[in-house]
$ cat data_25.cif   # mmCIF, C-alpha atoms; chains and numbers go by the auth columns
data_data
loop_
_atom_site.group_PDB
_atom_site.id
_atom_site.type_symbol
_atom_site.label_atom_id
_atom_site.label_comp_id
_atom_site.label_asym_id
_atom_site.label_seq_id
_atom_site.Cartn_x
_atom_site.Cartn_y
_atom_site.Cartn_z
_atom_site.B_iso_or_equiv
_atom_site.auth_seq_id
_atom_site.auth_asym_id
ATOM 1 C CA MET A 1 -0.283 8.418 -33.705 0.00 120 A
ATOM 2 C CA LYS A 2 -0.875 4.926 -32.439 0.00 121 A
ATOM 3 C CA LYS A 3 2.273 5.057 -30.288 0.00 122 A
ATOM 4 C CA THR A 4 1.055 8.271 -28.656 0.00 123 A
ATOM 5 C CA THR A 5 -2.267 6.631 -27.821 0.00 124 A
ATOM 6 C CA THR A 6 -0.524 3.535 -26.478 0.00 125 A
ATOM 7 C CA THR A 7 1.922 5.605 -24.480 0.00 126 A
ATOM 8 C CA SER A 8 -0.832 7.707 -22.951 0.00 127 A
ATOM 9 C CA LYS A 9 -2.800 4.535 -22.088 0.00 128 A
ATOM 10 C CA VAL A 10 0.292 3.101 -20.425 0.00 129 A
ATOM 11 C CA ASP A 11 0.903 6.387 -18.608 0.00 130 A
ATOM 12 C CA ARG A 12 -2.714 6.457 -17.411 0.00 131 A
ATOM 13 C CA LEU A 13 -2.488 2.863 -16.182 0.00 132 A
ATOM 14 C CA ILE A 14 0.749 3.598 -14.347 0.00 133 A
ATOM 15 C CA GLU A 15 -0.745 6.710 -12.751 0.00 134 A
ATOM 16 C CA GLN A 16 -3.889 4.797 -11.751 0.00 135 A
ATOM 17 C CA ARG A 17 -1.727 2.124 -10.102 0.00 136 A
ATOM 18 C CA ARG A 18 0.243 4.765 -8.214 0.00 137 A
ATOM 19 C CA GLU A 19 -3.011 6.309 -6.997 0.00 138 A
ATOM 20 C CA GLN A 20 -4.232 2.891 -5.840 0.00 139 A
ATOM 21 C CA LEU A 21 -1.014 2.351 -3.916 0.00 140 A
ATOM 22 C CA ARG A 22 -1.255 5.801 -2.327 0.00 141 A
ATOM 23 C CA SER A 23 -4.847 5.141 -1.274 0.00 142 A
ATOM 24 C CA VAL A 24 -3.841 1.852 0.383 0.00 143 A
ATOM 25 C CA VAL A 25 -1.464 3.727 2.675 0.00 144 A
ATOM 26 C CA ASN A 26 -3.136 5.908 5.278 0.00 145 A
ATOM 27 C CA ASN A 27 -1.421 9.290 4.904 0.00 146 A
ATOM 28 C CA ASP A 28 -2.008 10.354 8.495 0.00 147 A
ATOM 29 C CA LEU A 29 0.433 10.388 11.377 0.00 148 A
ATOM 30 C CA GLN A 30 0.092 7.075 13.201 0.00 149 A
ATOM 31 C CA GLY A 31 0.959 6.658 16.863 0.00 150 A
ATOM 32 C CA LEU A 32 2.537 3.244 17.474 0.00 151 A
ATOM 33 C CA GLY A 33 2.920 3.467 21.243 0.00 152 A
ATOM 34 C CA LYS A 34 6.065 3.422 23.356 0.00 153 A
ATOM 35 C CA ARG A 35 9.145 1.365 22.588 0.00 154 A
ATOM 36 C CA GLU A 36 12.294 1.479 24.706 0.00 155 A
ATOM 37 C CA GLY A 37 11.182 4.756 26.315 0.00 156 A
ATOM 38 C CA MET A 38 10.430 6.438 22.974 0.00 157 A
ATOM 39 C CA ASP A 39 7.078 7.597 21.663 0.00 158 A
ATOM 40 C CA VAL A 40 6.916 6.029 18.197 0.00 159 A
ATOM 41 C CA PHE A 41 5.132 7.475 15.161 0.00 160 A
ATOM 42 C CA SER A 42 5.005 6.692 11.474 0.00 161 A
ATOM 43 C CA TRP A 43 3.871 8.993 8.694 0.00 162 A
ATOM 44 C CA PRO A 44 3.626 8.067 5.017 0.00 163 A
ATOM 45 C CA ASN A 45 3.548 10.843 2.433 0.00 164 A
ATOM 46 C CA PRO A 46 3.415 13.735 4.911 0.00 165 A
ATOM 47 C CA HIS A 47 2.845 17.275 3.694 0.00 166 A
ATOM 48 C CA PHE A 48 5.888 19.406 4.600 0.00 167 A
ATOM 49 C CA ASP A 49 3.858 22.101 6.392 0.00 168 A
ATOM 50 C CA LYS A 50 2.135 19.561 8.627 0.00 169 A
ATOM 51 C CA LEU A 51 5.348 17.610 9.131 0.00 170 A
ATOM 52 C CA SER A 52 7.280 20.682 10.280 0.00 171 A
ATOM 53 C CA THR A 53 4.460 21.717 12.609 0.00 172 A
ATOM 54 C CA MET A 54 4.329 18.248 14.140 0.00 173 A
ATOM 55 C CA ILE A 55 8.096 17.996 14.622 0.00 174 A
ATOM 56 C CA SER A 56 8.158 21.439 16.248 0.00 175 A
ATOM 57 C CA SER A 57 5.333 20.492 18.611 0.00 176 A
ATOM 58 C CA PHE A 58 6.690 17.170 19.874 0.00 177 A
ATOM 59 C CA PRO A 59 7.483 17.428 23.614 0.00 178 A
ATOM 60 C CA PHE A 60 10.801 15.569 23.327 0.00 179 A
ATOM 61 C CA PRO A 61 13.736 15.580 20.918 0.00 180 A
ATOM 62 C CA VAL A 62 13.110 13.649 17.704 0.00 181 A
ATOM 63 C CA ILE A 63 14.991 10.739 16.183 0.00 182 A
ATOM 64 C CA TRP A 64 13.791 10.954 12.589 0.00 183 A
ATOM 65 C CA ILE A 65 14.189 7.979 10.276 0.00 184 A
ATOM 66 C CA GLY A 66 13.261 9.291 6.853 0.00 185 A
ATOM 67 C CA LYS A 67 14.110 9.673 3.221 0.00 186 A
ATOM 68 C CA HIS A 68 16.927 11.979 2.197 0.00 187 A
ATOM 69 C CA GLU A 69 14.757 14.502 0.352 0.00 188 A
ATOM 70 C CA GLN A 70 12.093 14.622 3.078 0.00 189 A
ATOM 71 C CA ILE A 71 14.677 15.459 5.714 0.00 190 A
ATOM 72 C CA ARG A 72 16.615 17.869 3.489 0.00 191 A
ATOM 73 C CA CYS A 73 13.531 19.788 2.342 0.00 192 A
ATOM 74 C CA THR A 74 11.904 19.967 5.757 0.00 193 A
ATOM 75 C CA THR A 75 15.005 21.203 7.549 0.00 194 A
ATOM 76 C CA THR A 76 15.931 23.597 4.726 0.00 195 A
ATOM 77 C CA TYR A 77 12.523 25.220 4.270 0.00 196 A
ATOM 78 C CA TYR A 78 11.394 24.918 7.899 0.00 197 A
ATOM 79 C CA PRO A 79 14.582 25.641 9.884 0.00 198 A
ATOM 80 C CA GLU A 80 12.586 25.790 13.131 0.00 199 A
ATOM 81 C CA THR A 81 12.547 21.973 13.016 0.00 200 A
ATOM 82 C CA ILE A 82 16.332 21.697 13.287 0.00 201 A
ATOM 83 C CA GLY A 83 16.420 22.405 17.018 0.00 202 A
ATOM 84 C CA LYS A 84 13.961 19.572 17.726 0.00 203 A
ATOM 85 C CA ILE A 85 15.827 16.927 15.724 0.00 204 A
ATOM 86 C CA GLU A 86 18.284 14.970 17.833 0.00 205 A
ATOM 87 C CA ALA A 87 19.211 12.716 14.913 0.00 206 A
ATOM 88 C CA ALA A 88 18.259 12.478 11.261 0.00 207 A
ATOM 89 C CA LEU A 89 18.759 8.919 10.044 0.00 208 A
ATOM 90 C CA ILE A 90 18.473 8.682 6.272 0.00 209 A
ATOM 91 C CA TYR A 91 17.497 5.213 5.120 0.00 210 A
ATOM 92 C CA ASP A 92 17.206 5.531 1.344 0.00 211 A
ATOM 93 C CA ARG A 93 20.824 6.562 0.661 0.00 212 A
ATOM 94 C CA SER A 94 24.249 5.819 1.989 0.00 213 A
ATOM 95 C CA GLN A 95 25.544 9.339 1.253 0.00 214 A
ATOM 96 C CA ILE A 96 24.376 12.733 2.471 0.00 215 A
ATOM 97 C CA ASN A 97 23.800 15.428 -0.114 0.00 216 A
ATOM 98 C CA PHE A 98 22.964 18.381 2.148 0.00 217 A
ATOM 99 C CA LYS A 99 24.580 21.791 2.137 0.00 218 A
ATOM 100 C CA VAL A 100 27.437 21.979 4.633 0.00 219 A
ATOM 101 C CA GLU A 101 25.578 24.664 6.609 0.00 220 A
ATOM 102 C CA LEU A 102 22.641 22.318 7.153 0.00 221 A
ATOM 103 C CA ILE A 103 24.882 19.432 8.209 0.00 222 A
ATOM 104 C CA ASP A 104 26.598 21.760 10.691 0.00 223 A
ATOM 105 C CA GLN A 105 23.239 22.764 12.212 0.00 224 A
ATOM 106 C CA LEU A 106 21.899 19.249 12.717 0.00 225 A
ATOM 107 C CA LYS A 107 23.119 17.507 15.869 0.00 226 A
ATOM 108 C CA THR A 108 23.429 14.124 14.162 0.00 227 A
ATOM 109 C CA VAL A 109 22.808 13.170 10.548 0.00 228 A
ATOM 110 C CA ILE A 110 23.667 9.708 9.266 0.00 229 A
ATOM 111 C CA ALA A 111 22.922 8.125 5.903 0.00 230 A
ATOM 112 C CA THR A 112 22.439 4.453 6.722 0.00 231 A
ATOM 113 C CA GLY A 113 21.291 3.063 3.377 0.00 232 A
ATOM 114 C CA SER A 114 18.462 0.925 4.794 0.00 233 A
ATOM 115 C CA ILE A 115 15.639 0.953 7.322 0.00 234 A
ATOM 116 C CA GLU A 116 17.242 -1.928 9.198 0.00 235 A
ATOM 117 C CA SER A 117 20.565 -0.052 9.515 0.00 236 A
ATOM 118 C CA ALA A 118 18.759 3.092 10.657 0.00 237 A
ATOM 119 C CA MET A 119 16.984 1.079 13.338 0.00 238 A
ATOM 120 C CA LYS A 120 20.324 -0.253 14.578 0.00 239 A
ATOM 121 C CA VAL A 121 21.745 3.280 14.801 0.00 240 A
ATOM 122 C CA ARG A 122 18.580 4.357 16.645 0.00 241 A
ATOM 123 C CA GLU A 123 19.481 1.938 19.436 0.00 242 A
ATOM 124 C CA SER A 124 22.086 4.489 20.593 0.00 243 A
ATOM 125 C CA TRP A 125 19.201 6.518 22.044 0.00 244 A
ATOM 126 C CA ALA A 126 17.191 3.610 23.492 0.00 245 A
ATOM 127 C CA GLY A 127 15.815 4.312 26.939 0.00 246 A
ATOM 128 C CA GLN A 128 15.902 8.088 26.536 0.00 247 A
ATOM 129 C CA LYS A 129 12.792 10.253 26.444 0.00 248 A
ATOM 130 C CA MET A 130 12.621 10.813 22.710 0.00 249 A
ATOM 131 C CA VAL A 131 10.179 10.721 19.851 0.00 250 A
ATOM 132 C CA LEU A 132 10.952 8.218 17.117 0.00 251 A
ATOM 133 C CA LEU A 133 9.453 9.387 13.837 0.00 252 A
ATOM 134 C CA PHE A 134 9.498 7.245 10.702 0.00 253 A
ATOM 135 C CA SER A 135 8.458 8.902 7.444 0.00 254 A
ATOM 136 C CA THR A 136 8.248 7.588 3.932 0.00 255 A
ATOM 137 C CA GLU A 137 6.863 8.586 0.576 0.00 256 A
ATOM 138 C CA GLY A 138 6.358 7.225 -2.903 0.00 257 A
ATOM 139 C CA GLU A 139 5.216 4.011 -4.424 0.00 258 A
ATOM 140 C CA PHE A 140 7.011 1.771 -1.894 0.00 259 A
ATOM 141 C CA SER A 141 5.472 3.474 1.166 0.00 260 A
ATOM 142 C CA ALA A 142 3.343 0.490 2.157 0.00 261 A
ATOM 143 C CA LYS A 143 6.310 -1.897 1.983 0.00 262 A
ATOM 144 C CA GLU A 144 8.569 0.501 3.920 0.00 263 A
ATOM 145 C CA LEU A 145 5.936 1.044 6.622 0.00 264 A
ATOM 146 C CA GLU A 146 5.514 -2.696 6.955 0.00 265 A
ATOM 147 C CA GLU A 147 9.272 -3.154 7.338 0.00 266 A
ATOM 148 C CA PHE A 148 9.518 -0.378 9.943 0.00 267 A
ATOM 149 C CA GLU A 149 6.613 -1.796 11.955 0.00 268 A
ATOM 150 C CA ARG A 150 8.148 -5.284 11.825 0.00 269 A
ATOM 151 C CA LEU A 151 11.511 -3.944 13.047 0.00 270 A
ATOM 152 C CA ILE A 152 10.010 -1.804 15.819 0.00 271 A
ATOM 153 C CA GLY A 153 8.136 -4.855 17.125 0.00 272 A
#
$ encode --input "data_25.cif" --output "structure tokens"
Amino acid sequence: MKKTTTTSKVDRLIEQRREQLRSVVNNDLQGLGKREGMDVFSWPNPHFDKLSTMISSFPFPVIWIGKHEQIRCTTTYYPETIGKIEAALIYDRSQINFKVELIDQLKTVIATGSIESAMKVRESWAGQKMVLLFSTEGEFSAKELEEFERLIG
């Protein structure tokens, strides 16, 4: 019985810490200005409905630097986003685990394994009228946003 109480106290503390971390990160789309001809945005913990609507409404093609599951779920469940995505650059894995049909539909999809590597790949589109979207989620969102903002300058 004591272990159950201890475990639930630990679980509550962990959940409280996660909530604190989520509250530190503003969960709204943030405009970061223009860089190398691209309109730059970041979005921690986006809701898939809002994310798909935003991607579909951007006036230019999108270079999306995001987590594997965010990109996979959004493009799978909201296929209208696929036509707007010029490149999906996955930074949290070095392998793609999408269905072949989805890979075939996306113009470019690259699993880079890090934010820094994704930013280097993004340079291929520098100077073009594009939207650069960075998305993140989870307990490391604040750290990942900080890294992206440092790399974007």
$ closest_atom_pairs --input "data_25.cif" --of "range 223-265 of chain A" --to "range 175-196 of chain A" --cutoff "6 Å" --atoms "all atoms listed in the file" --output "tab-separated table"
residue	atom	partner	partner_atom	distance
A:Met249	CA	A:Phe179	CA	5.1
A:Val250	CA	A:Val181	CA	4.7
A:Leu251	CA	A:Ile182	CA	4.9
A:Leu252	CA	A:Trp183	CA	4.8
A:Phe253	CA	A:Ile184	CA	4.8
A:Ser254	CA	A:Gly185	CA	4.9
$ atom_distance --input "data_25.cif" --atom1 "CA of Thr227 in chain A" --atom2 "CA of Ile215 in chain A"
11.8 Å
$ closest_residue --input "data_25.cif" --among "A:Leu270, A:Leu208, A:Met238, A:Ala261" --to "Leu225 in chain A" --atoms "all atoms listed in the file"
A:Leu208
$ closest_residue --input "data_25.cif" --among "A:Lys153, A:Glu265, A:Glu134, A:Leu148" --to "Gly246 in chain A" --atoms "all atoms listed in the file"
A:Lys153
$ closest_residue --input "data_25.cif" --among "A:Glu205, A:Asp211, A:Glu242, A:Glu268" --to "Lys226 in chain A" --atoms "only C-alpha atoms"
A:Glu205
$ decode --input "data_25.cif" --residues "range 205-251 of chain A" --atoms "N, CA and C atoms" --output "mmCIF file, in the first residue's frame"
data_model
loop_
_atom_site.group_PDB
_atom_site.id
_atom_site.type_symbol
_atom_site.label_atom_id
_atom_site.label_comp_id
_atom_site.auth_asym_id
_atom_site.auth_seq_id
_atom_site.Cartn_x
_atom_site.Cartn_y
_atom_site.Cartn_z
ATOM 1 N N GLU A 205 6.585 22.008 -49.135
ATOM 2 C CA GLU A 205 7.699 21.856 -50.069
ATOM 3 C C GLU A 205 8.697 20.825 -49.548
ATOM 4 N N ALA A 206 8.950 20.881 -48.233
ATOM 5 C CA ALA A 206 9.877 19.928 -47.618
ATOM 6 C C ALA A 206 9.492 19.705 -46.164
ATOM 7 N N ALA A 207 9.512 18.455 -45.770
ATOM 8 C CA ALA A 207 9.318 18.074 -44.370
ATOM 9 C C ALA A 207 10.661 17.585 -43.854
ATOM 10 N N LEU A 208 11.229 18.337 -42.917
ATOM 11 C CA LEU A 208 12.541 18.015 -42.368
ATOM 12 C C LEU A 208 12.357 17.547 -40.930
ATOM 13 N N ILE A 209 12.536 16.273 -40.719
ATOM 14 C CA ILE A 209 12.305 15.646 -39.418
ATOM 15 C C ILE A 209 13.586 15.752 -38.603
ATOM 16 N N TYR A 210 13.496 16.357 -37.421
ATOM 17 C CA TYR A 210 14.716 16.558 -36.647
ATOM 18 C C TYR A 210 14.882 15.614 -35.461
ATOM 19 N N ASP A 211 13.873 14.865 -35.104
ATOM 20 C CA ASP A 211 14.001 14.016 -33.914
ATOM 21 C C ASP A 211 14.309 12.552 -34.236
ATOM 22 N N ARG A 212 14.517 12.238 -35.498
ATOM 23 C CA ARG A 212 14.872 10.881 -35.922
ATOM 24 C C ARG A 212 15.772 10.957 -37.143
ATOM 25 N N SER A 213 16.510 9.891 -37.335
ATOM 26 C CA SER A 213 17.332 9.826 -38.544
ATOM 27 C C SER A 213 16.780 8.807 -39.538
ATOM 28 N N GLN A 214 15.573 8.277 -39.247
ATOM 29 C CA GLN A 214 14.890 7.378 -40.172
ATOM 30 C C GLN A 214 13.431 7.801 -40.289
ATOM 31 N N ILE A 215 12.877 7.582 -41.470
ATOM 32 C CA ILE A 215 11.475 7.920 -41.724
ATOM 33 C C ILE A 215 10.646 6.659 -41.564
ATOM 34 N N ASN A 216 9.561 6.779 -40.823
ATOM 35 C CA ASN A 216 8.661 5.650 -40.627
ATOM 36 C C ASN A 216 7.255 6.043 -41.088
ATOM 37 N N PHE A 217 7.154 6.483 -42.335
ATOM 38 C CA PHE A 217 5.875 6.842 -42.939
ATOM 39 C C PHE A 217 5.471 5.722 -43.888
ATOM 40 N N LYS A 218 4.188 5.646 -44.184
ATOM 41 C CA LYS A 218 3.745 4.726 -45.225
ATOM 42 C C LYS A 218 4.321 5.198 -46.557
ATOM 43 N N VAL A 219 4.607 4.257 -47.425
ATOM 44 C CA VAL A 219 5.211 4.560 -48.725
ATOM 45 C C VAL A 219 4.347 5.557 -49.504
ATOM 46 N N GLU A 220 3.029 5.405 -49.410
ATOM 47 C CA GLU A 220 2.121 6.299 -50.137
ATOM 48 C C GLU A 220 2.309 7.748 -49.707
ATOM 49 N N LEU A 221 2.513 7.955 -48.409
ATOM 50 C CA LEU A 221 2.713 9.308 -47.897
ATOM 51 C C LEU A 221 4.055 9.863 -48.361
ATOM 52 N N ILE A 222 5.083 9.061 -48.319
ATOM 53 C CA ILE A 222 6.406 9.497 -48.786
ATOM 54 C C ILE A 222 6.324 9.885 -50.257
ATOM 55 N N ASP A 223 5.601 9.102 -51.053
ATOM 56 C CA ASP A 223 5.454 9.390 -52.476
ATOM 57 C C ASP A 223 4.726 10.708 -52.730
ATOM 58 N N GLN A 224 3.808 11.081 -51.842
ATOM 59 C CA GLN A 224 3.024 12.306 -52.028
ATOM 60 C C GLN A 224 3.774 13.568 -51.626
ATOM 61 N N LEU A 225 4.666 13.451 -50.660
ATOM 62 C CA LEU A 225 5.422 14.621 -50.212
ATOM 63 C C LEU A 225 6.539 14.924 -51.202
ATOM 64 N N LYS A 226 6.735 16.198 -51.512
ATOM 65 C CA LYS A 226 7.782 16.572 -52.466
ATOM 66 C C LYS A 226 9.158 16.194 -51.950
ATOM 67 N N THR A 227 9.430 16.549 -50.699
ATOM 68 C CA THR A 227 10.718 16.240 -50.074
ATOM 69 C C THR A 227 10.470 15.900 -48.624
ATOM 70 N N VAL A 228 11.000 14.780 -48.174
ATOM 71 C CA VAL A 228 10.946 14.422 -46.758
ATOM 72 C C VAL A 228 12.307 13.836 -46.387
ATOM 73 N N ILE A 229 12.917 14.450 -45.368
ATOM 74 C CA ILE A 229 14.259 14.056 -44.954
ATOM 75 C C ILE A 229 14.291 13.962 -43.437
ATOM 76 N N ALA A 230 14.784 12.851 -42.934
ATOM 77 C CA ALA A 230 14.987 12.689 -41.494
ATOM 78 C C ALA A 230 16.438 13.061 -41.206
ATOM 79 N N THR A 231 16.624 14.181 -40.532
ATOM 80 C CA THR A 231 17.974 14.718 -40.332
ATOM 81 C C THR A 231 18.605 14.303 -39.010
ATOM 82 N N GLY A 232 17.799 13.992 -38.018
ATOM 83 C CA GLY A 232 18.334 13.564 -36.730
ATOM 84 C C GLY A 232 18.646 14.678 -35.750
ATOM 85 N N SER A 233 18.623 15.936 -36.183
ATOM 86 C CA SER A 233 18.869 17.047 -35.257
ATOM 87 C C SER A 233 18.331 18.345 -35.860
ATOM 88 N N ILE A 234 18.091 19.307 -34.990
ATOM 89 C CA ILE A 234 17.628 20.623 -35.446
ATOM 90 C C ILE A 234 18.714 21.282 -36.281
ATOM 91 N N GLU A 235 19.950 21.185 -35.831
ATOM 92 C CA GLU A 235 21.062 21.793 -36.555
ATOM 93 C C GLU A 235 21.191 21.223 -37.969
ATOM 94 N N SER A 236 21.068 19.907 -38.116
ATOM 95 C CA SER A 236 21.135 19.281 -39.445
ATOM 96 C C SER A 236 19.964 19.714 -40.317
ATOM 97 N N ALA A 237 18.788 19.806 -39.721
ATOM 98 C CA ALA A 237 17.610 20.261 -40.476
ATOM 99 C C ALA A 237 17.809 21.689 -40.975
ATOM 100 N N MET A 238 18.410 22.522 -40.149
ATOM 101 C CA MET A 238 18.666 23.904 -40.562
ATOM 102 C C MET A 238 19.666 23.959 -41.716
ATOM 103 N N LYS A 239 20.631 23.068 -41.723
ATOM 104 C CA LYS A 239 21.584 23.026 -42.837
ATOM 105 C C LYS A 239 20.902 22.593 -44.128
ATOM 106 N N VAL A 240 20.017 21.605 -44.045
ATOM 107 C CA VAL A 240 19.270 21.160 -45.226
ATOM 108 C C VAL A 240 18.372 22.288 -45.728
ATOM 109 N N ARG A 241 17.789 23.035 -44.811
ATOM 110 C CA ARG A 241 16.900 24.152 -45.150
ATOM 111 C C ARG A 241 17.599 25.184 -46.021
ATOM 112 N N GLU A 242 18.896 25.293 -45.906
ATOM 113 C CA GLU A 242 19.655 26.271 -46.692
ATOM 114 C C GLU A 242 19.484 26.064 -48.194
ATOM 115 N N SER A 243 19.087 24.868 -48.611
ATOM 116 C CA SER A 243 18.853 24.597 -50.037
ATOM 117 C C SER A 243 17.770 25.493 -50.614
ATOM 118 N N TRP A 244 16.877 25.998 -49.782
ATOM 119 C CA TRP A 244 15.772 26.837 -50.222
ATOM 120 C C TRP A 244 15.973 28.304 -49.862
ATOM 121 N N ALA A 245 17.123 28.666 -49.333
ATOM 122 C CA ALA A 245 17.384 30.052 -48.935
ATOM 123 C C ALA A 245 17.187 30.985 -50.122
ATOM 124 N N GLY A 246 16.588 32.113 -49.852
ATOM 125 C CA GLY A 246 16.360 33.123 -50.882
ATOM 126 C C GLY A 246 15.070 32.944 -51.654
ATOM 127 N N GLN A 247 14.388 31.838 -51.468
ATOM 128 C CA GLN A 247 13.117 31.606 -52.153
ATOM 129 C C GLN A 247 11.965 32.078 -51.274
ATOM 130 N N LYS A 248 10.871 32.475 -51.917
ATOM 131 C CA LYS A 248 9.686 32.875 -51.163
ATOM 132 C C LYS A 248 9.039 31.630 -50.586
ATOM 133 N N MET A 249 9.313 31.399 -49.321
ATOM 134 C CA MET A 249 8.825 30.210 -48.625
ATOM 135 C C MET A 249 8.427 30.615 -47.215
ATOM 136 N N VAL A 250 7.733 29.716 -46.570
ATOM 137 C CA VAL A 250 7.456 29.825 -45.143
ATOM 138 C C VAL A 250 8.306 28.753 -44.468
ATOM 139 N N LEU A 251 9.035 29.156 -43.451
ATOM 140 C CA LEU A 251 9.786 28.203 -42.637
ATOM 141 C C LEU A 251 9.018 28.039 -41.332
#
